[in-house]
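S.K.: The structure file input_29.cif (mmCIF, C-alpha atoms; chains and numbers go by the auth columns) is provided below.
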```
data_run
loop_
_atom_site.group_PDB
_atom_site.id
_atom_site.type_symbol
_atom_site.label_atom_id
_atom_site.label_comp_id
_atom_site.label_asym_id
_atom_site.label_seq_id
_atom_site.Cartn_x
_atom_site.Cartn_y
_atom_site.Cartn_z
_atom_site.B_iso_or_equiv
_atom_site.auth_seq_id
_atom_site.auth_asym_id
ATOM 1 C CA MET A 1 16.190 -17.096 -16.464 0.00 1 A
ATOM 2 C CA ALA A 2 14.669 -13.622 -16.178 0.00 2 A
ATOM 3 C CA ASN A 3 13.660 -11.922 -19.386 0.00 3 A
ATOM 4 C CA ILE A 4 15.911 -8.842 -19.711 0.00 4 A
ATOM 5 C CA LEU A 5 14.082 -7.098 -22.554 0.00 5 A
ATOM 6 C CA THR A 6 12.605 -3.758 -21.489 0.00 6 A
ATOM 7 C CA GLY A 7 8.839 -4.095 -21.589 0.00 7 A
ATOM 8 C CA ALA A 8 8.924 -7.799 -20.787 0.00 8 A
ATOM 9 C CA ARG A 9 11.296 -8.134 -17.822 0.00 9 A
ATOM 10 C CA GLN A 10 10.394 -10.751 -15.236 0.00 10 A
ATOM 11 C CA LEU A 11 12.758 -10.251 -12.325 0.00 11 A
ATOM 12 C CA PRO A 12 12.872 -12.233 -9.063 0.00 12 A
ATOM 13 C CA ALA A 13 10.781 -11.073 -6.111 0.00 13 A
ATOM 14 C CA ALA A 14 12.475 -9.423 -3.153 0.00 14 A
ATOM 15 C CA PRO A 15 12.485 -11.434 0.088 0.00 15 A
ATOM 16 C CA VAL A 16 9.726 -10.694 2.566 0.00 16 A
ATOM 17 C CA ALA A 17 10.710 -8.476 5.510 0.00 17 A
ATOM 18 C CA PRO A 18 11.314 -10.246 8.847 0.00 18 A
ATOM 19 C CA ALA A 19 8.168 -11.230 10.723 0.00 19 A
ATOM 20 C CA ALA A 20 9.136 -9.091 13.731 0.00 20 A
ATOM 21 C CA ILE A 21 9.234 -5.972 11.543 0.00 21 A
ATOM 22 C CA LEU A 22 5.877 -6.706 9.943 0.00 22 A
ATOM 23 C CA GLU A 23 4.288 -7.504 13.314 0.00 23 A
ATOM 24 C CA ALA A 24 5.547 -4.210 14.777 0.00 24 A
ATOM 25 C CA LEU A 25 4.180 -2.246 11.818 0.00 25 A
ATOM 26 C CA ALA A 26 0.803 -3.947 12.175 0.00 26 A
ATOM 27 C CA GLY A 27 0.368 -2.053 15.446 0.00 27 A
ATOM 28 C CA ILE A 28 1.191 1.393 14.024 0.00 28 A
ATOM 29 C CA VAL A 29 -1.323 3.674 12.309 0.00 29 A
ATOM 30 C CA THR A 30 -0.361 5.166 8.954 0.00 30 A
ATOM 31 C CA PRO A 31 -0.529 8.811 10.140 0.00 31 A
ATOM 32 C CA HIS A 32 2.272 8.099 12.633 0.00 32 A
ATOM 33 C CA LEU A 33 4.353 6.599 9.844 0.00 33 A
ATOM 34 C CA SER A 34 3.524 9.395 7.408 0.00 34 A
ATOM 35 C CA ASP A 35 4.380 12.125 9.933 0.00 35 A
ATOM 36 C CA ASN A 36 7.830 10.565 10.289 0.00 36 A
ATOM 37 C CA LEU A 37 8.309 10.305 6.526 0.00 37 A
ATOM 38 C CA ALA A 38 8.538 14.103 6.211 0.00 38 A
ATOM 39 C CA ARG A 39 4.787 14.263 5.459 0.00 39 A
ATOM 40 C CA ARG A 40 5.656 13.930 1.793 0.00 40 A
ATOM 41 C CA GLU A 41 2.951 13.337 -0.782 0.00 41 A
ATOM 42 C CA GLY A 42 3.188 9.558 -0.574 0.00 42 A
ATOM 43 C CA ILE A 43 0.489 7.356 -2.060 0.00 43 A
ATOM 44 C CA SER A 44 -2.691 9.287 -2.788 0.00 44 A
ATOM 45 C CA GLY A 45 -5.953 8.850 -4.651 0.00 45 A
ATOM 46 C CA LEU A 46 -6.528 5.150 -3.943 0.00 46 A
ATOM 47 C CA ARG A 47 -9.609 3.804 -2.180 0.00 47 A
ATOM 48 C CA ARG A 48 -9.713 1.062 0.437 0.00 48 A
ATOM 49 C CA TYR A 49 -12.112 -1.704 -0.647 0.00 49 A
ATOM 50 C CA ASN A 50 -11.763 -4.272 2.147 0.00 50 A
ATOM 51 C CA GLY A 51 -14.314 -4.023 4.923 0.00 51 A
ATOM 52 C CA SER A 52 -11.768 -4.758 7.655 0.00 52 A
ATOM 53 C CA GLY A 53 -8.138 -5.789 8.070 0.00 53 A
ATOM 54 C CA LYS A 54 -4.782 -4.033 7.847 0.00 54 A
ATOM 55 C CA LEU A 55 -2.232 -4.187 5.049 0.00 55 A
ATOM 56 C CA VAL A 56 1.399 -4.824 6.012 0.00 56 A
ATOM 57 C CA GLY A 57 3.900 -6.528 3.724 0.00 57 A
ATOM 58 C CA THR A 58 6.728 -6.419 1.222 0.00 58 A
ATOM 59 C CA ALA A 59 6.106 -5.104 -2.280 0.00 59 A
ATOM 60 C CA LEU A 60 6.119 -7.478 -5.240 0.00 60 A
ATOM 61 C CA THR A 61 5.589 -5.110 -8.140 0.00 61 A
ATOM 62 C CA VAL A 62 4.153 -5.382 -11.618 0.00 62 A
ATOM 63 C CA LYS A 63 3.797 -2.738 -14.309 0.00 63 A
ATOM 64 C CA THR A 64 1.179 -3.480 -16.909 0.00 64 A
ATOM 65 C CA ARG A 65 -0.442 -1.847 -19.898 0.00 65 A
ATOM 66 C CA PRO A 66 -3.661 -0.142 -18.731 0.00 66 A
ATOM 67 C CA GLY A 67 -6.587 -2.560 -18.801 0.00 67 A
ATOM 68 C CA ASP A 68 -4.405 -5.656 -19.298 0.00 68 A
ATOM 69 C CA ASN A 69 -3.554 -8.256 -16.644 0.00 69 A
ATOM 70 C CA LEU A 70 -1.446 -10.874 -18.454 0.00 70 A
ATOM 71 C CA MET A 71 1.748 -9.935 -16.606 0.00 71 A
ATOM 72 C CA ILE A 72 -0.117 -9.682 -13.311 0.00 72 A
ATOM 73 C CA TYR A 73 -0.601 -13.435 -13.650 0.00 73 A
ATOM 74 C CA LYS A 74 3.167 -13.825 -13.984 0.00 74 A
ATOM 75 C CA ALA A 75 3.711 -11.700 -10.885 0.00 75 A
ATOM 76 C CA MET A 76 1.153 -13.700 -8.905 0.00 76 A
ATOM 77 C CA MET A 77 3.129 -16.880 -9.497 0.00 77 A
ATOM 78 C CA GLN A 78 6.020 -15.392 -7.478 0.00 78 A
ATOM 79 C CA ILE A 79 3.919 -14.524 -4.427 0.00 79 A
ATOM 80 C CA GLN A 80 5.194 -15.763 -1.082 0.00 80 A
ATOM 81 C CA PRO A 81 3.440 -15.244 2.273 0.00 81 A
ATOM 82 C CA GLY A 82 3.950 -11.626 3.289 0.00 82 A
ATOM 83 C CA HIS A 83 4.202 -10.174 -0.197 0.00 83 A
ATOM 84 C CA VAL A 84 1.921 -7.318 -1.232 0.00 84 A
ATOM 85 C CA LEU A 85 1.019 -7.370 -4.929 0.00 85 A
ATOM 86 C CA VAL A 86 1.564 -3.786 -6.127 0.00 86 A
ATOM 87 C CA VAL A 87 0.157 -3.136 -9.607 0.00 87 A
ATOM 88 C CA ASP A 88 0.927 -0.066 -11.704 0.00 88 A
ATOM 89 C CA ALA A 89 -1.889 -0.082 -14.257 0.00 89 A
ATOM 90 C CA GLY A 90 -1.385 3.551 -15.207 0.00 90 A
ATOM 91 C CA GLY A 91 -4.297 4.772 -13.112 0.00 91 A
ATOM 92 C CA ASP A 92 -6.683 3.697 -15.884 0.00 92 A
ATOM 93 C CA LEU A 93 -10.312 2.957 -14.988 0.00 93 A
ATOM 94 C CA SER A 94 -11.515 1.683 -18.367 0.00 94 A
ATOM 95 C CA ASN A 95 -11.033 -2.019 -17.603 0.00 95 A
ATOM 96 C CA ALA A 96 -10.560 -3.859 -14.314 0.00 96 A
ATOM 97 C CA VAL A 97 -7.263 -5.721 -14.014 0.00 97 A
ATOM 98 C CA LEU A 98 -8.059 -7.726 -10.864 0.00 98 A
ATOM 99 C CA GLY A 99 -11.157 -9.359 -9.400 0.00 99 A
ATOM 100 C CA GLU A 100 -12.521 -12.058 -7.129 0.00 100 A
ATOM 101 C CA ILE A 101 -10.856 -15.052 -8.829 0.00 101 A
ATOM 102 C CA MET A 102 -7.406 -13.495 -8.617 0.00 102 A
ATOM 103 C CA LYS A 103 -8.137 -12.388 -5.039 0.00 103 A
ATOM 104 C CA ARG A 104 -8.873 -15.976 -4.059 0.00 104 A
ATOM 105 C CA TYR A 105 -5.673 -17.262 -5.690 0.00 105 A
ATOM 106 C CA LEU A 106 -3.625 -14.649 -3.857 0.00 106 A
ATOM 107 C CA GLN A 107 -5.232 -15.484 -0.522 0.00 107 A
ATOM 108 C CA ILE A 108 -4.499 -19.193 -0.955 0.00 108 A
ATOM 109 C CA HIS A 109 -0.823 -18.358 -1.491 0.00 109 A
ATOM 110 C CA GLY A 110 -0.452 -16.067 1.510 0.00 110 A
ATOM 111 C CA CYS A 111 -0.507 -12.687 -0.202 0.00 111 A
ATOM 112 C CA ALA A 112 -0.740 -9.861 2.349 0.00 112 A
ATOM 113 C CA GLY A 113 -2.942 -7.732 0.086 0.00 113 A
ATOM 114 C CA VAL A 114 -3.134 -5.839 -3.198 0.00 114 A
ATOM 115 C CA VAL A 115 -2.546 -2.247 -4.258 0.00 115 A
ATOM 116 C CA VAL A 116 -3.782 -1.364 -7.754 0.00 116 A
ATOM 117 C CA ASP A 117 -3.254 1.989 -9.425 0.00 117 A
ATOM 118 C CA GLY A 118 -6.076 1.149 -11.779 0.00 118 A
ATOM 119 C CA ALA A 119 -9.451 -0.563 -11.559 0.00 119 A
ATOM 120 C CA ILE A 120 -10.741 -3.720 -9.884 0.00 120 A
ATOM 121 C CA ARG A 121 -14.122 -5.435 -10.093 0.00 121 A
ATOM 122 C CA ASP A 122 -16.229 -7.809 -7.947 0.00 122 A
ATOM 123 C CA VAL A 123 -16.372 -5.094 -5.318 0.00 123 A
ATOM 124 C CA ALA A 124 -18.777 -6.982 -3.043 0.00 124 A
ATOM 125 C CA ALA A 125 -16.266 -9.807 -2.620 0.00 125 A
ATOM 126 C CA PHE A 126 -13.642 -7.358 -1.343 0.00 126 A
ATOM 127 C CA GLU A 127 -15.999 -5.380 0.871 0.00 127 A
ATOM 128 C CA ALA A 128 -17.176 -8.559 2.589 0.00 128 A
ATOM 129 C CA ASP A 129 -13.618 -9.685 3.368 0.00 129 A
ATOM 130 C CA SER A 130 -10.620 -8.666 5.448 0.00 130 A
ATOM 131 C CA PHE A 131 -8.189 -9.219 2.564 0.00 131 A
ATOM 132 C CA PRO A 132 -6.595 -5.793 2.061 0.00 132 A
ATOM 133 C CA CYS A 133 -7.315 -4.148 -1.277 0.00 133 A
ATOM 134 C CA TYR A 134 -6.605 -0.601 -2.372 0.00 134 A
ATOM 135 C CA ALA A 135 -7.429 0.582 -5.889 0.00 135 A
ATOM 136 C CA ARG A 136 -8.042 3.797 -7.762 0.00 136 A
ATOM 137 C CA GLY A 137 -11.542 2.692 -8.724 0.00 137 A
ATOM 138 C CA HIS A 138 -13.727 -0.090 -10.063 0.00 138 A
ATOM 139 C CA ILE A 139 -15.655 -1.043 -13.188 0.00 139 A
ATOM 140 C CA HIS A 140 -17.524 -4.101 -14.465 0.00 140 A
ATOM 141 C CA ARG A 141 -15.520 -4.378 -17.695 0.00 141 A
ATOM 142 C CA GLY A 142 -12.895 -7.085 -17.559 0.00 142 A
ATOM 143 C CA PRO A 143 -9.241 -7.068 -18.620 0.00 143 A
ATOM 144 C CA TYR A 144 -7.414 -7.890 -21.804 0.00 144 A
ATOM 145 C CA LYS A 145 -4.593 -10.436 -21.717 0.00 145 A
ATOM 146 C CA ASP A 146 -2.114 -9.278 -24.318 0.00 146 A
ATOM 147 C CA GLY A 147 0.735 -7.569 -22.440 0.00 147 A
ATOM 148 C CA PRO A 148 3.198 -5.998 -22.374 0.00 148 A
ATOM 149 C CA GLY A 149 4.267 -5.687 -18.770 0.00 149 A
ATOM 150 C CA GLU A 150 7.131 -6.119 -16.342 0.00 150 A
ATOM 151 C CA VAL A 151 7.507 -7.874 -13.005 0.00 151 A
ATOM 152 C CA ASN A 152 9.558 -6.589 -10.054 0.00 152 A
ATOM 153 C CA VAL A 153 10.570 -3.252 -11.523 0.00 153 A
ATOM 154 C CA PRO A 154 10.063 0.236 -10.030 0.00 154 A
ATOM 155 C CA VAL A 155 6.434 1.354 -10.307 0.00 155 A
ATOM 156 C CA SER A 156 4.483 4.546 -9.723 0.00 156 A
ATOM 157 C CA ILE A 157 1.482 4.215 -7.423 0.00 157 A
ATOM 158 C CA GLY A 158 -0.603 7.262 -6.634 0.00 158 A
ATOM 159 C CA GLY A 159 2.346 9.616 -7.043 0.00 159 A
ATOM 160 C CA GLN A 160 4.792 7.448 -5.087 0.00 160 A
ATOM 161 C CA VAL A 161 7.606 5.398 -6.606 0.00 161 A
ATOM 162 C CA ILE A 162 7.616 1.930 -5.063 0.00 162 A
ATOM 163 C CA LEU A 163 10.546 -0.429 -5.520 0.00 163 A
ATOM 164 C CA PRO A 164 10.425 -4.197 -5.235 0.00 164 A
ATOM 165 C CA GLY A 165 11.129 -5.001 -1.581 0.00 165 A
ATOM 166 C CA ASP A 166 9.744 -1.748 -0.176 0.00 166 A
ATOM 167 C CA ILE A 167 7.398 -2.127 2.756 0.00 167 A
ATOM 168 C CA VAL A 168 3.773 -1.114 2.261 0.00 168 A
ATOM 169 C CA VAL A 169 1.383 -0.330 5.130 0.00 169 A
ATOM 170 C CA GLY A 170 -2.295 0.503 4.707 0.00 170 A
ATOM 171 C CA ASP A 171 -5.263 1.171 6.974 0.00 171 A
ATOM 172 C CA GLU A 172 -8.399 3.333 7.071 0.00 172 A
ATOM 173 C CA ASP A 173 -6.352 6.506 6.563 0.00 173 A
ATOM 174 C CA GLY A 174 -4.521 5.322 3.450 0.00 174 A
ATOM 175 C CA LEU A 175 -1.214 3.892 2.303 0.00 175 A
ATOM 176 C CA VAL A 176 2.459 4.563 2.984 0.00 176 A
ATOM 177 C CA SER A 177 5.571 2.887 1.597 0.00 177 A
ATOM 178 C CA PHE A 178 9.259 3.054 2.471 0.00 178 A
ATOM 179 C CA PRO A 179 12.492 1.091 1.994 0.00 179 A
ATOM 180 C CA ALA A 180 12.873 -1.934 4.249 0.00 180 A
ATOM 181 C CA SER A 181 16.180 -0.487 5.480 0.00 181 A
ATOM 182 C CA GLU A 182 14.256 2.375 7.125 0.00 182 A
ATOM 183 C CA ALA A 183 11.768 0.157 8.961 0.00 183 A
ATOM 184 C CA GLU A 184 13.444 -0.149 12.364 0.00 184 A
ATOM 185 C CA GLY A 185 14.121 3.571 12.690 0.00 185 A
ATOM 186 C CA LEU A 186 10.631 4.409 11.501 0.00 186 A
ATOM 187 C CA ILE A 187 9.053 2.018 14.006 0.00 187 A
ATOM 188 C CA ALA A 188 10.972 3.665 16.850 0.00 188 A
ATOM 189 C CA ALA A 189 9.998 7.147 15.652 0.00 189 A
ATOM 190 C CA ALA A 190 6.340 6.155 15.323 0.00 190 A
ATOM 191 C CA HIS A 191 6.293 4.743 18.864 0.00 191 A
ATOM 192 C CA ALA A 192 7.742 8.012 20.168 0.00 192 A
ATOM 193 C CA HIS A 193 5.123 9.902 18.155 0.00 193 A
ATOM 194 C CA ALA A 194 2.322 7.823 19.703 0.00 194 A
ATOM 195 C CA ALA A 195 3.670 8.502 23.196 0.00 195 A
ATOM 196 C CA LYS A 196 3.741 12.240 22.474 0.00 196 A
ATOM 197 C CA GLU A 197 0.129 12.159 21.330 0.00 197 A
ATOM 198 C CA GLU A 198 -0.863 10.299 24.496 0.00 198 A
ATOM 199 C CA ARG A 199 0.663 13.132 26.549 0.00 199 A
ATOM 200 C CA ILE A 200 -1.250 15.690 24.479 0.00 200 A
ATOM 201 C CA MET A 201 -4.510 13.803 24.977 0.00 201 A
ATOM 202 C CA ALA A 202 -3.898 13.774 28.726 0.00 202 A
ATOM 203 C CA GLU A 203 -3.290 17.540 28.682 0.00 203 A
ATOM 204 C CA ILE A 204 -6.493 18.134 26.690 0.00 204 A
ATOM 205 C CA ALA A 205 -8.400 16.139 29.306 0.00 205 A
ATOM 206 C CA ASN A 206 -7.478 18.691 31.985 0.00 206 A
ATOM 207 C CA GLY A 207 -9.774 21.183 30.254 0.00 207 A
ATOM 208 C CA ASP A 208 -7.380 24.136 29.948 0.00 208 A
ATOM 209 C CA LYS A 209 -7.896 26.424 26.959 0.00 209 A
ATOM 210 C CA THR A 210 -4.150 27.145 26.839 0.00 210 A
ATOM 211 C CA GLN A 211 -2.224 24.037 25.872 0.00 211 A
ATOM 212 C CA SER A 212 1.540 23.568 25.727 0.00 212 A
ATOM 213 C CA TRP A 213 1.402 21.905 22.323 0.00 213 A
ATOM 214 C CA MET A 214 -0.488 24.853 20.896 0.00 214 A
ATOM 215 C CA GLN A 215 1.923 27.314 22.470 0.00 215 A
ATOM 216 C CA ALA A 216 4.886 25.451 20.992 0.00 216 A
ATOM 217 C CA ALA A 217 3.409 25.858 17.493 0.00 217 A
ATOM 218 C CA PHE A 218 2.773 29.551 18.115 0.00 218 A
ATOM 219 C CA ALA A 219 6.279 30.111 19.522 0.00 219 A
ATOM 220 C CA ALA A 220 7.880 28.494 16.481 0.00 220 A
ATOM 221 C CA LYS A 221 6.309 31.239 14.338 0.00 221 A
ATOM 222 C CA GLY A 222 6.793 34.102 16.787 0.00 222 A
ATOM 223 C CA LEU A 223 3.127 34.177 17.779 0.00 223 A
ATOM 224 C CA ALA A 224 3.358 33.081 21.399 0.00 224 A
#
```
Could you spell out this file's structure in structure tokens?

M.R.:
Amino acid sequence: MANILTGARQLPAAPVAPAAILEALAGIVTPHLSDNLARREGISGLRRYNGSGKLVGTALTVKTRPGDNLMIYKAMMQIQPGHVLVVDAGGDLSNAVLGEIMKRYLQIHGCAGVVVDGAIRDVAAFEADSFPCYARGHIHRGPYKDGPGEVNVPVSIGGQVILPGDIVVGDEDGLVSFPASEAEGLIAAAHAHAAKEERIMAEIANGDKTQSWMQAAFAAKGLA
């Protein structure tokens, strides 16, 4: 039974989004998603540590005391293939809360990647791999294991509230997250956005200084 005490809650993980949704998102760049999410602040300030690979999956969240990873262990035990481990460590960089050993465990159990608003360590192991990892920073000092913490509760990651079950997508440009219920509409909007950009690229290729997409921006502000 889940612990219901605030500060120690361990709630069940949300189900992973359908494979078709995740596969479609794997082919969409984050700027096209962000532009169709009202260009709001979103997740900011985190660095991509993996040398290659794209992050797409369903958030399994954990909120922990800065520098402590005891409850991250509890969260890891709920991981199913397609889950992204999303860790709110308060943005603290004093002690790493995740490293190579935990990375290997998560990979064995099908984790889609990790997002840590805090510090990691064993940077070389992440940079040499395609396992997606985003973190605020890194440090050699290891974690404490005292708690408290909570599993599958709302968390704040780089200025964005992420709920258990939200979809998280990350690539070279950064990270976006959104409710699973918005995925199909967002995929359609992103495809339309990509098609529009293809038309713009074709117009640029004709070499004209005056471009319709520029003129549209000018006209919207009375500058045409």

S.K.: Quick check on the file I pasted: which residues fall under the PyMOL selection byres ((chain A and resi 156-168) around 6)? Write them as a PDB file with C-alpha atoms, in the coordinates of the input.

M.R.:
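Once written, out29.pdb looks like this:
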```
ATOM      1  CA  ALA A  14      12.475  -9.423  -3.153  1.00  0.00           C
ATOM      2  CA  GLY A  42       3.188   9.558  -0.574  1.00  0.00           C
ATOM      3  CA  ILE A  43       0.489   7.356  -2.060  1.00  0.00           C
ATOM      4  CA  SER A  44      -2.691   9.287  -2.788  1.00  0.00           C
ATOM      5  CA  GLY A  45      -5.953   8.850  -4.651  1.00  0.00           C
ATOM      6  CA  VAL A  56       1.399  -4.824   6.012  1.00  0.00           C
ATOM      7  CA  GLY A  57       3.900  -6.528   3.724  1.00  0.00           C
ATOM      8  CA  THR A  58       6.728  -6.419   1.222  1.00  0.00           C
ATOM      9  CA  ALA A  59       6.106  -5.104  -2.280  1.00  0.00           C
ATOM     10  CA  LEU A  60       6.119  -7.478  -5.240  1.00  0.00           C
ATOM     11  CA  THR A  61       5.589  -5.110  -8.140  1.00  0.00           C
ATOM     12  CA  ASP A 117      -3.254   1.989  -9.425  1.00  0.00           C
ATOM     13  CA  ASN A 152       9.558  -6.589 -10.054  1.00  0.00           C
ATOM     14  CA  PRO A 154      10.063   0.236 -10.030  1.00  0.00           C
ATOM     15  CA  VAL A 155       6.434   1.354 -10.307  1.00  0.00           C
ATOM     16  CA  VAL A 169       1.383  -0.330   5.130  1.00  0.00           C
ATOM     17  CA  VAL A 176       2.459   4.563   2.984  1.00  0.00           C
ATOM     18  CA  SER A 177       5.571   2.887   1.597  1.00  0.00           C
ATOM     19  CA  PHE A 178       9.259   3.054   2.471  1.00  0.00           C
ATOM     20  CA  PRO A 179      12.492   1.091   1.994  1.00  0.00           C
ATOM     21  CA  ALA A 180      12.873  -1.934   4.249  1.00  0.00           C
TER      22      ALA A 180
END
```

S.K.: I need the output of the PyMOL selection byres ((chain A and resi 63) around 6) for this file as a list in words; which residues are they?

M.R.: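 So the PyMOL selection byres ((chain A and resi 63) around 6) ends up selecting Val62, Thr64, Val87, Asp88, Gly149 and Glu150 of chain A.
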
S.K.: Evaluate the PyMOL selection byres ((chain A and resi 76) around 9) on the structure here and hand back the selected residues as a list in words.

M.R.: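 On this input, the PyMOL selection byres ((chain A and resi 76) around 9) captures Leu60, Met71, Ile72, Tyr73, Lys74, Ala75, Met77, Gln78, Ile79, Leu85, Met102, Tyr105, Leu106, His109 and Cys111 of chain A.
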
S.K.: Quick one: everything within 9 Å of Leu186 of chain A, counting only C-alpha atoms, minus sequence neighbours fewer than 4 positions away in the same chain. Send it as a ChimeraX atom specification.

M.R.: /A:33,36-37,182,190-191

S.K.: Quick one: write out the picked residues with C-alpha atoms as an mmCIF file, in the frame of the given file?

M.R.:
```cif
data_model
loop_
_atom_site.group_PDB
_atom_site.id
_atom_site.type_symbol
_atom_site.label_atom_id
_atom_site.label_comp_id
_atom_site.auth_asym_id
_atom_site.auth_seq_id
_atom_site.Cartn_x
_atom_site.Cartn_y
_atom_site.Cartn_z
ATOM 1 C CA LEU A 33 4.353 6.599 9.844
ATOM 2 C CA ASN A 36 7.830 10.565 10.289
ATOM 3 C CA LEU A 37 8.309 10.305 6.526
ATOM 4 C CA GLU A 182 14.256 2.375 7.125
ATOM 5 C CA ALA A 190 6.340 6.155 15.323
ATOM 6 C CA HIS A 191 6.293 4.743 18.864
#
```

S.K.: What gap, in Å, lies between atom CA of Asp68 of chain A and atom CA of Lys145 of chain A?

M.R.: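 Atom CA of Lys145 of chain A lies 5.4 Å from atom CA of Asp68 of chain A.
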
S.K.: Quote the spacing between atom CA of Ser34 of chain A and atom CA of Gly185 of chain A in Å to one decimal place.

M.R.: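 Answer for the atom CA of Ser34 of chain A to atom CA of Gly185 of chain A separation: 13.2 Å.
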
S.K.: Between A:Val115, A:Ala183, A:Ile101, A:Ala96, single out the one closest to Arg65 of chain A, counting only C-alpha atoms.

M.R.: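 The answer is A:Ala96, which sits nearest to Arg65 of chain A.
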
S.K.: So which residues are close to (-18.7, -5.2, -3.1), meaning at most 12 Å away in the file's coordinates with only C-alpha atoms counted, and can you show them as JSON, numbers by chain?

M.R.: {"A": [48, 49, 50, 51, 99, 100, 120, 121, 122, 123, 124, 125, 126, 127, 128, 129, 133, 138, 139, 140]}

S.K.: Counting all atoms listed in the file, which residue out of A:Ile200, A:Ala19, A:Ala195, A:Ala26 sits closest to Asp171 of chain A?

M.R.: A:Ala26

S.K.: For Leu93 of chain A, which residue among A:Gly137, A:Ala20, A:Phe131, A:Gly113 is the nearest when counting only C-alpha atoms?

M.R.: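 Going through A:Gly137, A:Ala20, A:Phe131, A:Gly113 one by one, the smallest distance to Leu93 of chain A is for A:Gly137.
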
S.K.: Return as AutoDock Vina command-line options the box centre and box size in Å, one decimal, for an axis-aligned box around all listed atoms of segment 68-74 of chain A padded by 6 Å per side.

M.R.:
```
--center_x -0.6 --center_y -9.7 --center_z -16.3 --size_x 19.6 --size_y 20.2 --size_z 18.0
```

S.K.: To one decimal place in Å, what is the distance between atom CA of Leu46 of chain A and atom CA of Val114 of chain A?

M.R.: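 Separating atom CA of Leu46 of chain A from atom CA of Val114 of chain A is a distance of 11.5 Å.
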
S.K.: Using only C-alpha atoms, which of the listed residues (A:Ala188, A:Ala216, A:Ala89, A:Val84) sits closest to Ile21 of chain A?

M.R.: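 For Ile21 of chain A, the nearest of the given residues is A:Ala188.
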
S.K.: For each of A:Gly90, A:Gly82, A:Gly7, A:Pro66, take the minimum atom-to-atom distance to Leu22 of chain A, counting only C-alpha atoms, then give the residue where this is smallest.

M.R.: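 Of A:Gly90, A:Gly82, A:Gly7, A:Pro66, the one nearest Leu22 of chain A, counting only C-alpha atoms, is A:Gly82.
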